[in-house]
$ cat data18.csv   # CSV, C-alpha atoms
chain,number,residue,atom,x,y,z
A,1,MET,CA,4.1,8.0,21.4
A,2,ARG,CA,6.3,9.5,18.7
A,3,LYS,CA,7.3,6.0,17.6
A,4,VAL,CA,3.7,4.9,17.5
A,5,LYS,CA,2.8,7.9,15.4
A,6,ARG,CA,5.7,7.4,13.1
A,7,HIS,CA,4.6,3.8,12.5
A,8,LEU,CA,1.1,4.8,11.9
A,9,LEU,CA,2.1,7.2,9.3
A,10,VAL,CA,4.7,5.0,7.6
A,11,LEU,CA,2.2,2.1,7.2
A,12,PRO,CA,-0.1,3.8,4.7
A,13,LEU,CA,2.9,5.2,2.8
A,14,LEU,CA,4.3,1.7,2.5
A,15,LEU,CA,1.0,0.5,1.1
A,16,LEU,CA,1.0,3.3,-1.4
A,17,CYS,CA,4.5,2.6,-2.5
A,18,THR,CA,3.7,-1.1,-2.8
A,19,GLY,CA,0.9,-0.2,-5.3
A,20,ALA,CA,3.2,2.0,-7.3
A,21,PHE,CA,6.0,-0.6,-7.6
A,22,CYS,CA,3.4,-3.3,-8.6
A,23,GLN,CA,2.9,-1.4,-11.8
A,24,ASP,CA,6.3,-2.4,-13.1
A,25,ASP,CA,6.4,-4.6,-15.0
A,26,ALA,CA,5.1,-7.8,-16.6
A,27,ILE,CA,6.5,-7.0,-20.0
A,28,GLY,CA,9.9,-6.3,-18.4
A,29,ARG,CA,9.8,-9.8,-16.8
A,30,PHE,CA,8.8,-11.4,-20.1
A,31,PHE,CA,11.8,-9.7,-21.8
A,32,GLY,CA,14.1,-10.7,-19.0
A,33,LYS,CA,13.0,-14.3,-19.0
A,34,TYR,CA,14.0,-14.8,-22.6
A,35,LEU,CA,16.9,-12.3,-22.8
A,36,ASP,CA,19.5,-15.0,-23.0
A,37,ASP,CA,17.4,-17.6,-24.7
A,38,SER,CA,18.9,-18.5,-28.1
A,39,ARG,CA,15.5,-19.0,-29.6
A,40,PHE,CA,14.8,-15.3,-29.3
A,41,THR,CA,16.1,-12.2,-30.9
A,42,VAL,CA,16.0,-9.3,-28.4
A,43,VAL,CA,16.8,-5.7,-29.2
A,44,SER,CA,16.5,-2.9,-26.6
A,45,VAL,CA,17.3,0.8,-26.6
A,46,SER,CA,17.5,2.5,-23.2
A,47,PRO,CA,16.5,6.1,-22.3
A,48,LYS,CA,20.1,6.9,-22.1
A,49,MET,CA,20.7,5.8,-25.7
A,50,PHE,CA,17.6,7.8,-26.8
A,51,ARG,CA,19.3,10.9,-25.4
A,52,LEU,CA,22.4,10.1,-27.4
A,53,LEU,CA,20.4,9.9,-30.6
A,54,SER,CA,20.6,13.7,-30.8
A,55,LYS,CA,24.1,13.2,-32.0
A,56,VAL,CA,23.0,11.3,-35.1
A,57,LYS,CA,22.7,13.2,-38.4
A,58,TRP,CA,19.0,13.7,-39.0
A,59,ASP,CA,19.3,15.3,-42.4
A,60,THR,CA,17.9,12.4,-44.3
A,61,ILE,CA,15.3,11.4,-41.8
A,62,PRO,CA,11.7,12.3,-42.5
A,63,ALA,CA,10.1,14.9,-40.2
A,64,ASP,CA,7.5,12.5,-38.8
A,65,LEU,CA,10.1,10.0,-37.9
A,66,GLN,CA,12.2,12.6,-36.2
A,67,GLN,CA,9.4,13.8,-34.1
A,68,THR,CA,8.3,10.3,-33.3
A,69,VAL,CA,11.8,9.2,-32.2
A,70,THR,CA,12.6,12.3,-30.2
A,71,ARG,CA,9.5,11.7,-28.1
A,72,LEU,CA,10.4,8.1,-27.3
A,73,GLN,CA,12.1,7.1,-24.1
A,74,SER,CA,12.8,3.4,-24.5
A,75,PHE,CA,12.2,0.6,-27.0
A,76,ARG,CA,12.2,-3.1,-26.7
A,77,ILE,CA,11.5,-5.9,-29.2
A,78,ILE,CA,11.6,-9.6,-28.8
A,79,SER,CA,10.9,-12.1,-31.5
A,80,THR,CA,11.1,-15.8,-32.2
A,81,GLU,CA,10.3,-18.3,-34.9
A,82,THR,CA,10.0,-21.2,-32.4
A,83,THR,CA,6.5,-22.2,-31.4
A,84,PRO,CA,5.2,-18.7,-32.0
A,85,MET,CA,1.6,-19.4,-30.8
A,86,VAL,CA,2.9,-20.7,-27.4
A,87,PHE,CA,4.9,-17.5,-26.8
A,88,TYR,CA,2.1,-15.3,-28.1
A,89,LYS,CA,-0.3,-16.8,-25.5
A,90,GLU,CA,2.3,-16.5,-22.8
A,91,ALA,CA,2.9,-12.8,-23.6
A,92,LEU,CA,-0.8,-12.1,-23.6
A,93,ALA,CA,-1.2,-13.8,-20.2
A,94,ALA,CA,1.7,-11.7,-18.8
A,95,ILE,CA,0.1,-8.4,-19.7
A,96,ASP,CA,-1.7,-6.7,-16.9
A,97,ARG,CA,-5.1,-5.7,-18.4
A,98,ARG,CA,-5.6,-3.1,-15.6
A,99,GLN,CA,-2.7,-1.2,-17.1
A,100,TYR,CA,-3.0,-1.9,-20.8
A,101,GLU,CA,-6.0,-1.2,-22.9
A,102,ASP,CA,-6.7,-2.9,-26.2
A,103,LEU,CA,-6.4,-0.4,-29.1
A,104,ILE,CA,-6.7,-2.6,-32.1
A,105,MET,CA,-7.0,-6.3,-32.5
A,106,LEU,CA,-6.8,-7.8,-36.0
A,107,ARG,CA,-7.4,-11.5,-36.3
A,108,SER,CA,-7.1,-13.2,-39.7
A,109,SER,CA,-6.6,-16.7,-41.0
A,110,LYS,CA,-2.9,-16.0,-41.3
A,111,ASP,CA,-2.0,-13.9,-38.3
A,112,ASN,CA,-3.0,-12.1,-35.2
A,113,VAL,CA,-1.9,-8.5,-34.4
A,114,ARG,CA,-2.8,-6.6,-31.3
A,115,PHE,CA,-2.0,-3.1,-30.4
A,116,MET,CA,-2.3,-2.2,-26.7
A,117,VAL,CA,-1.7,1.1,-25.0
A,118,ARG,CA,-1.0,2.5,-21.6
A,119,ASP,CA,-1.9,6.1,-21.2
A,120,ASP,CA,-2.1,8.8,-18.5
A,121,GLY,CA,-5.5,10.0,-19.5
A,122,LYS,CA,-4.3,12.3,-22.2
A,123,VAL,CA,-1.2,10.9,-23.8
A,124,ILE,CA,-0.3,7.4,-24.8
A,125,ARG,CA,2.7,6.5,-22.7
A,126,GLU,CA,3.4,3.0,-24.0
A,127,LEU,CA,2.4,1.2,-27.2
A,128,LEU,CA,2.7,-2.6,-27.3
A,129,MET,CA,2.4,-4.5,-30.5
A,130,ILE,CA,2.0,-8.2,-30.3
A,131,ALA,CA,2.0,-10.1,-33.6
A,132,VAL,CA,2.0,-13.8,-34.4
A,133,ASP,CA,1.7,-15.9,-37.5
A,134,GLU,CA,2.8,-19.3,-38.5
A,135,ASN,CA,6.4,-18.0,-39.0
A,136,GLY,CA,7.0,-16.1,-35.8
A,137,PHE,CA,6.0,-14.2,-32.8
A,138,THR,CA,7.0,-10.6,-32.1
A,139,LEU,CA,6.4,-8.4,-29.1
A,140,MET,CA,7.5,-4.8,-29.2
A,141,SER,CA,7.2,-2.0,-26.7
A,142,PHE,CA,7.6,1.8,-27.3
A,143,VAL,CA,7.6,4.0,-24.2
A,144,GLY,CA,7.4,7.7,-24.4
A,145,ASP,CA,4.9,10.2,-25.8
A,146,ILE,CA,3.3,8.4,-28.7
A,147,ASP,CA,1.3,10.0,-31.5
A,148,LEU,CA,-0.6,7.3,-33.3
A,149,ASP,CA,-1.3,9.6,-36.3
A,150,LYS,CA,2.4,10.3,-36.8
A,151,LEU,CA,3.1,6.6,-36.4
A,152,SER,CA,0.6,5.7,-39.0
A,153,ARG,CA,2.1,8.1,-41.5
A,154,LEU,CA,5.6,6.6,-41.1
A,155,SER,CA,5.1,3.6,-43.3
A,156,SER,CA,4.0,5.8,-46.2
A,157,ASP,CA,7.0,8.1,-45.7
A,158,MET,CA,9.6,5.4,-45.5
A,159,GLY,CA,10.6,2.5,-47.8
A,160,ILE,CA,9.7,-0.8,-46.4
A,161,LYS,CA,12.6,-3.1,-45.7
A,162,GLY,CA,10.7,-5.6,-43.6
A,163,MET,CA,11.8,-7.3,-40.5
A,164,GLU,CA,14.9,-8.9,-41.9
A,165,ASP,CA,17.2,-6.1,-40.8
A,166,LEU,CA,15.9,-6.5,-37.2
A,167,LYS,CA,16.5,-10.2,-37.4
A,168,ASN,CA,20.1,-9.5,-38.3
A,169,ALA,CA,20.5,-7.2,-35.4
A,170,LYS,CA,23.2,-7.9,-32.9
A,171,ARG,CA,21.8,-10.4,-30.4
A,172,HIS,CA,21.8,-9.1,-26.9
B,1,MET,CA,-27.6,-6.5,83.2
B,2,GLU,CA,-31.0,-8.0,83.0
B,3,LYS,CA,-32.0,-10.1,80.0
B,4,ALA,CA,-35.1,-8.0,79.4
B,5,THR,CA,-33.0,-4.8,79.2
B,6,VAL,CA,-30.5,-6.4,76.8
B,7,ILE,CA,-33.3,-7.6,74.6
B,8,ALA,CA,-34.9,-4.2,74.6
B,9,LEU,CA,-31.6,-2.6,73.6
B,10,LEU,CA,-31.1,-5.2,70.9
B,11,GLU,CA,-34.5,-4.5,69.4
B,12,LYS,CA,-33.7,-0.8,69.5
B,13,TYR,CA,-30.2,-1.5,68.0
B,14,PHE,CA,-31.6,-3.4,65.0
B,15,GLU,CA,-34.1,-0.7,64.4
B,16,ALA,CA,-31.1,1.7,64.3
B,17,GLY,CA,-32.6,3.6,67.3
B,18,THR,CA,-29.8,3.2,69.8
B,19,THR,CA,-27.5,6.0,70.9
B,20,VAL,CA,-23.7,5.6,70.8
B,21,ALA,CA,-23.8,5.2,74.6
B,22,GLU,CA,-26.4,2.4,74.4
B,23,GLU,CA,-24.4,0.6,71.6
B,24,LYS,CA,-21.4,0.8,73.9
B,25,VAL,CA,-23.4,-0.8,76.7
B,26,LEU,CA,-24.4,-3.6,74.4
B,27,ALA,CA,-20.8,-4.1,73.2
B,28,GLU,CA,-19.5,-4.3,76.7
B,29,TYR,CA,-22.2,-6.7,77.7
B,30,PHE,CA,-21.5,-9.2,74.9
B,31,ARG,CA,-17.7,-8.9,75.0
B,32,GLY,CA,-17.3,-9.0,78.8
B,33,GLN,CA,-19.9,-11.5,79.9
B,34,ASN,CA,-19.0,-15.1,79.9
B,35,ASP,CA,-22.3,-16.3,81.3
B,36,ILE,CA,-24.5,-14.8,78.6
B,37,ASP,CA,-28.0,-15.9,78.5
B,38,PRO,CA,-28.3,-18.8,75.9
B,39,ASP,CA,-31.1,-16.9,74.2
B,40,LEU,CA,-28.7,-14.0,73.6
B,41,ALA,CA,-25.6,-16.1,72.7
B,42,PRO,CA,-26.1,-15.9,68.9
B,43,TYR,CA,-25.6,-12.1,69.1
B,44,ARG,CA,-22.3,-12.5,71.0
B,45,ASP,CA,-20.2,-13.4,67.9
B,46,LEU,CA,-21.7,-10.4,66.0
B,47,PHE,CA,-20.6,-7.9,68.6
B,48,LEU,CA,-17.2,-9.6,69.0
B,49,TYR,CA,-16.7,-9.3,65.3
B,50,PHE,CA,-17.7,-5.6,65.3
B,51,GLY,CA,-15.2,-5.0,68.1
B,52,GLN,CA,-12.4,-6.8,66.3
B,53,GLU,CA,-12.9,-5.0,63.0
B,54,ALA,CA,-13.1,-1.7,64.8
B,55,GLU,CA,-9.5,-2.2,65.9
B,56,VAL,CA,-8.2,-2.7,62.5
B,57,ASN,CA,-6.3,0.3,61.1
B,58,ALA,CA,-4.4,1.1,58.0
B,59,GLY,CA,-1.1,1.0,59.8
B,60,PRO,CA,1.9,3.1,59.2
B,61,GLY,CA,2.8,4.1,55.6
B,62,PHE,CA,-0.7,3.3,54.2
B,63,GLU,CA,-0.9,6.4,52.2
B,64,ASN,CA,2.5,5.9,50.7
B,65,ARG,CA,1.6,2.3,49.8
B,66,ILE,CA,-1.5,3.5,48.0
B,67,LEU,CA,0.4,6.2,46.2
B,68,GLN,CA,3.1,3.8,45.2
B,69,HIS,CA,0.4,1.4,43.9
B,70,VAL,CA,-1.1,4.1,41.6
B,71,GLY,CA,2.3,5.3,40.4
B,72,LEU,CA,2.6,8.5,42.4
B,73,SER,CA,5.5,7.4,44.6
B,74,GLY,CA,7.4,10.2,46.3
B,75,SER,CA,4.6,12.7,45.8
B,76,PRO,CA,3.9,15.0,48.7
B,77,GLY,CA,0.4,13.7,49.1
B,78,LEU,CA,-2.9,13.3,47.3
B,79,HIS,CA,-3.5,17.0,47.3
B,80,GLY,CA,0.0,17.9,46.3
B,81,SER,CA,-0.3,19.5,42.9
B,82,GLN,CA,3.1,18.5,41.6
B,83,GLY,CA,2.6,14.8,42.2
B,84,LEU,CA,-0.6,14.6,40.2
B,85,HIS,CA,0.2,16.9,37.3
B,86,GLY,CA,3.0,14.8,35.6
B,87,PRO,CA,1.2,11.5,35.1
B,88,ALA,CA,-2.2,13.1,34.5
B,89,SER,CA,-0.5,15.3,31.9
B,90,SER,CA,1.1,12.4,30.2
B,91,VAL,CA,-2.2,10.5,30.0
B,92,ARG,CA,-3.7,13.6,28.5
B,93,THR,CA,-0.8,13.9,26.0
B,94,PHE,CA,-1.2,10.2,25.1
B,95,ARG,CA,-4.9,10.7,24.4
B,96,LEU,CA,-4.3,13.8,22.3
B,97,GLY,CA,-1.5,12.0,20.4
B,98,PHE,CA,-3.7,9.1,19.7
B,99,ILE,CA,-6.5,11.3,18.4
B,100,ALA,CA,-4.0,13.2,16.2
B,101,ALA,CA,-2.7,9.9,14.8
B,102,ALA,CA,-6.2,8.7,14.1
B,103,ALA,CA,-7.1,11.9,12.5
B,104,ALA,CA,-4.0,11.7,10.3
B,105,ILE,CA,-4.9,8.2,9.1
B,106,CYS,CA,-8.5,9.3,8.4
B,107,ALA,CA,-7.1,12.2,6.4
B,108,ILE,CA,-4.8,9.9,4.3
B,109,VAL,CA,-7.6,7.4,3.7
B,110,ALA,CA,-10.0,10.2,2.8
B,111,GLY,CA,-7.4,11.7,0.5
B,112,LEU,CA,-7.1,8.4,-1.4
B,113,PHE,CA,-10.9,8.5,-2.0
B,114,LEU,CA,-11.0,12.1,-2.9
B,115,VAL,CA,-8.3,12.0,-5.5
B,116,THR,CA,-9.9,12.7,-8.8
B,117,PRO,CA,-10.7,9.7,-10.9
B,118,ALA,CA,-8.5,11.0,-13.7
B,119,VAL,CA,-5.5,11.0,-11.5
B,120,ARG,CA,-6.3,7.6,-10.1
B,121,GLN,CA,-6.7,6.1,-13.5
B,122,ALA,CA,-3.4,7.5,-14.6
B,123,PRO,CA,-0.7,5.7,-12.8
B,124,PRO,CA,2.7,7.0,-13.6
B,125,VAL,CA,4.2,5.1,-16.5
B,126,VAL,CA,7.4,3.6,-15.2
B,127,VAL,CA,10.2,3.5,-17.6
B,128,ALA,CA,12.1,0.4,-16.9
B,129,THR,CA,15.6,1.4,-15.7
B,130,THR,CA,16.9,-2.1,-16.2
B,131,ILE,CA,16.9,-1.8,-20.0
B,132,THR,CA,20.4,-2.7,-21.3
B,133,ASP,CA,21.3,-1.3,-24.7
B,134,THR,CA,21.8,-3.8,-27.5
B,135,TYR,CA,23.9,-1.3,-29.4
B,136,ASP,CA,26.7,1.0,-28.3
B,137,ASN,CA,26.4,3.1,-31.5
B,138,PRO,CA,23.5,5.6,-31.6
B,139,GLU,CA,23.2,5.2,-35.4
B,140,GLN,CA,22.6,1.5,-35.1
B,141,ALA,CA,20.1,2.1,-32.3
B,142,LEU,CA,18.3,4.6,-34.5
B,143,ALA,CA,18.2,2.2,-37.4
B,144,ALA,CA,16.7,-0.5,-35.2
B,145,VAL,CA,14.1,1.9,-33.8
B,146,ARG,CA,13.3,3.2,-37.3
B,147,HIS,CA,12.7,-0.3,-38.6
B,148,ALA,CA,10.6,-1.3,-35.6
B,149,LEU,CA,8.5,1.9,-36.0
B,150,LEU,CA,8.1,1.0,-39.7
B,151,ILE,CA,6.8,-2.4,-38.8
B,152,ALA,CA,4.5,-1.0,-36.2
B,153,SER,CA,3.2,1.6,-38.6
B,154,THR,CA,2.6,-0.9,-41.3
B,155,HIS,CA,0.7,-3.2,-39.0
B,156,LEU,CA,-1.2,-0.3,-37.6
B,157,ASN,CA,-2.3,0.8,-41.1
B,158,GLU,CA,-3.2,-2.7,-42.2
B,159,SER,CA,-5.2,-3.1,-39.0
B,160,ARG,CA,-7.0,0.1,-39.5
B,161,ARG,CA,-7.9,-0.8,-43.0
B,162,SER,CA,-9.5,-4.0,-42.0
B,163,ILE,CA,-10.4,-3.2,-38.6
B,164,THR,CA,-13.3,-4.6,-36.7
B,165,GLY,CA,-12.8,-3.1,-33.3
B,166,LEU,CA,-11.1,0.3,-33.4
B,167,LYS,CA,-11.3,2.5,-30.3
B,168,ASN,CA,-11.2,6.2,-30.5

$ encode --input "data18.csv" --output "C-alpha cells"
Amino acid sequence: MRKVKRHLLVLPLLLLCTGAFCQDDAIGRFFGKYLDDSRFTVVSVSPKMFRLLSKVKWDTIPADLQQTVTRLQSFRIISTETTPMVFYKEALAAIDRRQYEDLIMLRSSKDNVRFMVRDDGKVIRELLMIAVDENGFTLMSFVGDIDLDKLSRLSSDMGIKGMEDLKNAKRH
Amino acid sequence: MEKATVIALLEKYFEAGTTVAEEKVLAEYFRGQNDIDPDLAPYRDLFLYFGQEAEVNAGPGFENRILQHVGLSGSPGLHGSQGLHGPASSVRTFRLGFIAAAAAICAIVAGLFLVTPAVRQAPPVVVATTITDTYDNPEQALAAVRHALLIASTHLNESRRSITGLKN
C-alpha cells in the first residue's frame, strides 16, 4: 500500500516537473544549433561572468549602464550575414509564443526589428531582440531584471560605435 | 401397505401436511419395496434421491477447508476473534489508504486550479546553465554586453519613435 501511495504521489509531481522543464528553452537550442557554425558569430556571457564584472573598474561607465548591467544574469547574441531572412524566420518559429510576448515590432522596407519579453507578471525577466535586414540577421537575449526605460536611455548616454566591435569579437 | 394409504399419504406429503413419522413411513415404503404399484413407481426415484442426499455429510475437516479457502487458515474457528481480526483489519487499512491516496490526488489537482492566475502566468524564468563564456576576461565581457545594450537601446528608441504597435 505504501508503494501504491508513493507512486500515486510521485506521478503528479513528475507531471509538474515535466511542465517546468519544458519552459527551457527554444532560444537555447537555436544558439546551440549554430554555436559551431562558421557562418555565425556567437557571443555569450554566463551568470558566473556577470558576477565577475564587479571586479571591473566602473568609474567611467554611466550610471544607467551600471545599473542595467548589474541587474543582468546572462547575455547571448548570435548574428550572421548569410541568408539573413531564412534564419530570421527560423528563429521566429523557434520562439515559444506562450512564454514570450511581443513588445515592439517595427517593419520597414529595409529591416524588421522585434522586441519580445518574458516576464513574471511584474518584472521583465528576459528581453529578446530579433533584427533582420538585407545585410544580416541578429538575435540577442538579455536575462535578468530589465528596466526598459533605463535601456532606452543608454543610447543617448553612450557614443554609438555600431555593431562592428561585436563582429570582431572572439568567435566562440 | 395398501395403495390407497400410500396415495393418501402422498397427497398429504405434497400439501406439506405430513408429520415426520408419516414421511418416514413413505420413505421406507418406497425404498424397501421392490413390488411397488406401477402407479406409484414414478415417486420411487424421488424418495430414493431424498434418502441418498440425506446421507451426504461435509466429512472431516470441512470447516478447515472452508477457512483455508477464505484465507483464515489456522484460525481457531469462525468465532475466534484473533483469526478474523488480522485480515479484516488489513482490508480496512487498504480501504482507508486508498481513500487517503485519492484525497491526496484530489488535493493536488484542486491546488493546481486554485493557484492564483498571476502565479500560473508567471513561470519561473530559467537561466540557462549551459551558457559557456565567450570571454575569460570580465572587461571584454563587459565591453560586449555594453555594445549589445547600445544596439538594443538604439533599436528600441528607433522603434518607439516610429512605432505602430507599442504595448504598455

$ closest_atom_pairs --input "data18.csv" --of "chain A" --to "chain B" --cutoff "6 Å" --atoms "all atoms listed in the file" --output "Markdown table"
| residue | atom | partner | partner_atom | distance |
| --- | --- | --- | --- | --- |
| A:Lys5 | CA | B:Ala101 | CA | 5.9 |
| A:Val43 | CA | B:Thr134 | CA | 5.6 |
| A:Ser44 | CA | B:Asp133 | CA | 5.4 |
| A:Val45 | CA | B:Asp133 | CA | 4.9 |
| A:Ser46 | CA | B:Ile131 | CA | 5.4 |
| A:Leu53 | CA | B:Pro138 | CA | 5.4 |
| A:Leu103 | CA | B:Lys167 | CA | 5.8 |
| A:Ile104 | CA | B:Leu166 | CA | 5.4 |
| A:Leu106 | CA | B:Ser159 | CA | 5.8 |
| A:Asp120 | CA | B:Ala122 | CA | 4.3 |
| A:Gly121 | CA | B:Ala122 | CA | 5.9 |
| A:Leu151 | CA | B:Ser153 | CA | 5.5 |
| A:Ser152 | CA | B:Ser153 | CA | 4.9 |
| A:Ser155 | CA | B:Leu150 | CA | 5.4 |
| A:His172 | CA | B:Thr134 | CA | 5.3 |

$ atom_distance --input "data18.csv" --atom1 "atom CA of A:Tyr100" --atom2 "atom CA of B:Ala110"
27.4 Å

$ atom_distance --input "data18.csv" --atom1 "atom CA of A:Lys150" --atom2 "atom CA of A:Gln99"
23.4 Å

$ closest_residue --input "data18.csv" --among "B:Ile99, B:Phe30, B:Val20, B:His69" --to "B:Tyr49" --atoms "only C-alpha atoms"
B:Phe30

$ closest_residue --input "data18.csv" --among "A:Arg29, A:Lys89, A:Lys110, A:Arg153" --to "A:Glu134" --atoms "only C-alpha atoms"
A:Lys110

$ residues_around --input "data18.csv" --residues "A:Phe87" --least-positions-apart "3" --cutoff "10 Å" --atoms "all atoms listed in the file" --output "ChimeraX atom specification"
/A:30,79-84,90-93,132,136-139

$ atom_distance --input "data18.csv" --atom1 "atom CA of A:Lys48" --atom2 "atom CA of A:Val143"
13.0 Å

$ closest_residue --input "data18.csv" --among "A:Arg125, A:Ala131, A:Ile95, A:Phe40" --to "A:Gln73" --atoms "only C-alpha atoms"
A:Arg125

$ residues_around --input "data18.csv" --residues "stretch 37-42 of chain B" --least-positions-apart "3" --cutoff "12 Å" --atoms "all atoms listed in the file" --output "mmCIF file with C-alpha atoms, keeping the file's coordinate frame"
data_model
loop_
_atom_site.group_PDB
_atom_site.id
_atom_site.type_symbol
_atom_site.label_atom_id
_atom_site.label_comp_id
_atom_site.auth_asym_id
_atom_site.auth_seq_id
_atom_site.Cartn_x
_atom_site.Cartn_y
_atom_site.Cartn_z
ATOM 1 C CA MET B 1 -27.600 -6.500 83.200
ATOM 2 C CA GLU B 2 -31.000 -8.000 83.000
ATOM 3 C CA LYS B 3 -32.000 -10.100 80.000
ATOM 4 C CA ALA B 4 -35.100 -8.000 79.400
ATOM 5 C CA THR B 5 -33.000 -4.800 79.200
ATOM 6 C CA VAL B 6 -30.500 -6.400 76.800
ATOM 7 C CA ILE B 7 -33.300 -7.600 74.600
ATOM 8 C CA ALA B 8 -34.900 -4.200 74.600
ATOM 9 C CA LEU B 9 -31.600 -2.600 73.600
ATOM 10 C CA LEU B 10 -31.100 -5.200 70.900
ATOM 11 C CA GLU B 11 -34.500 -4.500 69.400
ATOM 12 C CA LEU B 26 -24.400 -3.600 74.400
ATOM 13 C CA TYR B 29 -22.200 -6.700 77.700
ATOM 14 C CA PHE B 30 -21.500 -9.200 74.900
ATOM 15 C CA ARG B 31 -17.700 -8.900 75.000
ATOM 16 C CA GLN B 33 -19.900 -11.500 79.900
ATOM 17 C CA ASN B 34 -19.000 -15.100 79.900
ATOM 18 C CA ASP B 45 -20.200 -13.400 67.900
ATOM 19 C CA LEU B 46 -21.700 -10.400 66.000
ATOM 20 C CA PHE B 47 -20.600 -7.900 68.600
ATOM 21 C CA LEU B 48 -17.200 -9.600 69.000
#

$ residues_around --input "data18.csv" --residues "stretch 144-146 of chain A" --least-positions-apart "3" --cutoff "8 Å" --atoms "all atoms listed in the file" --output "list in words"
Thr68, Arg71, Leu72, Gln73, Ser74, Val123, Ile124, Arg125, Glu126, Leu127 and Leu151 of chain A
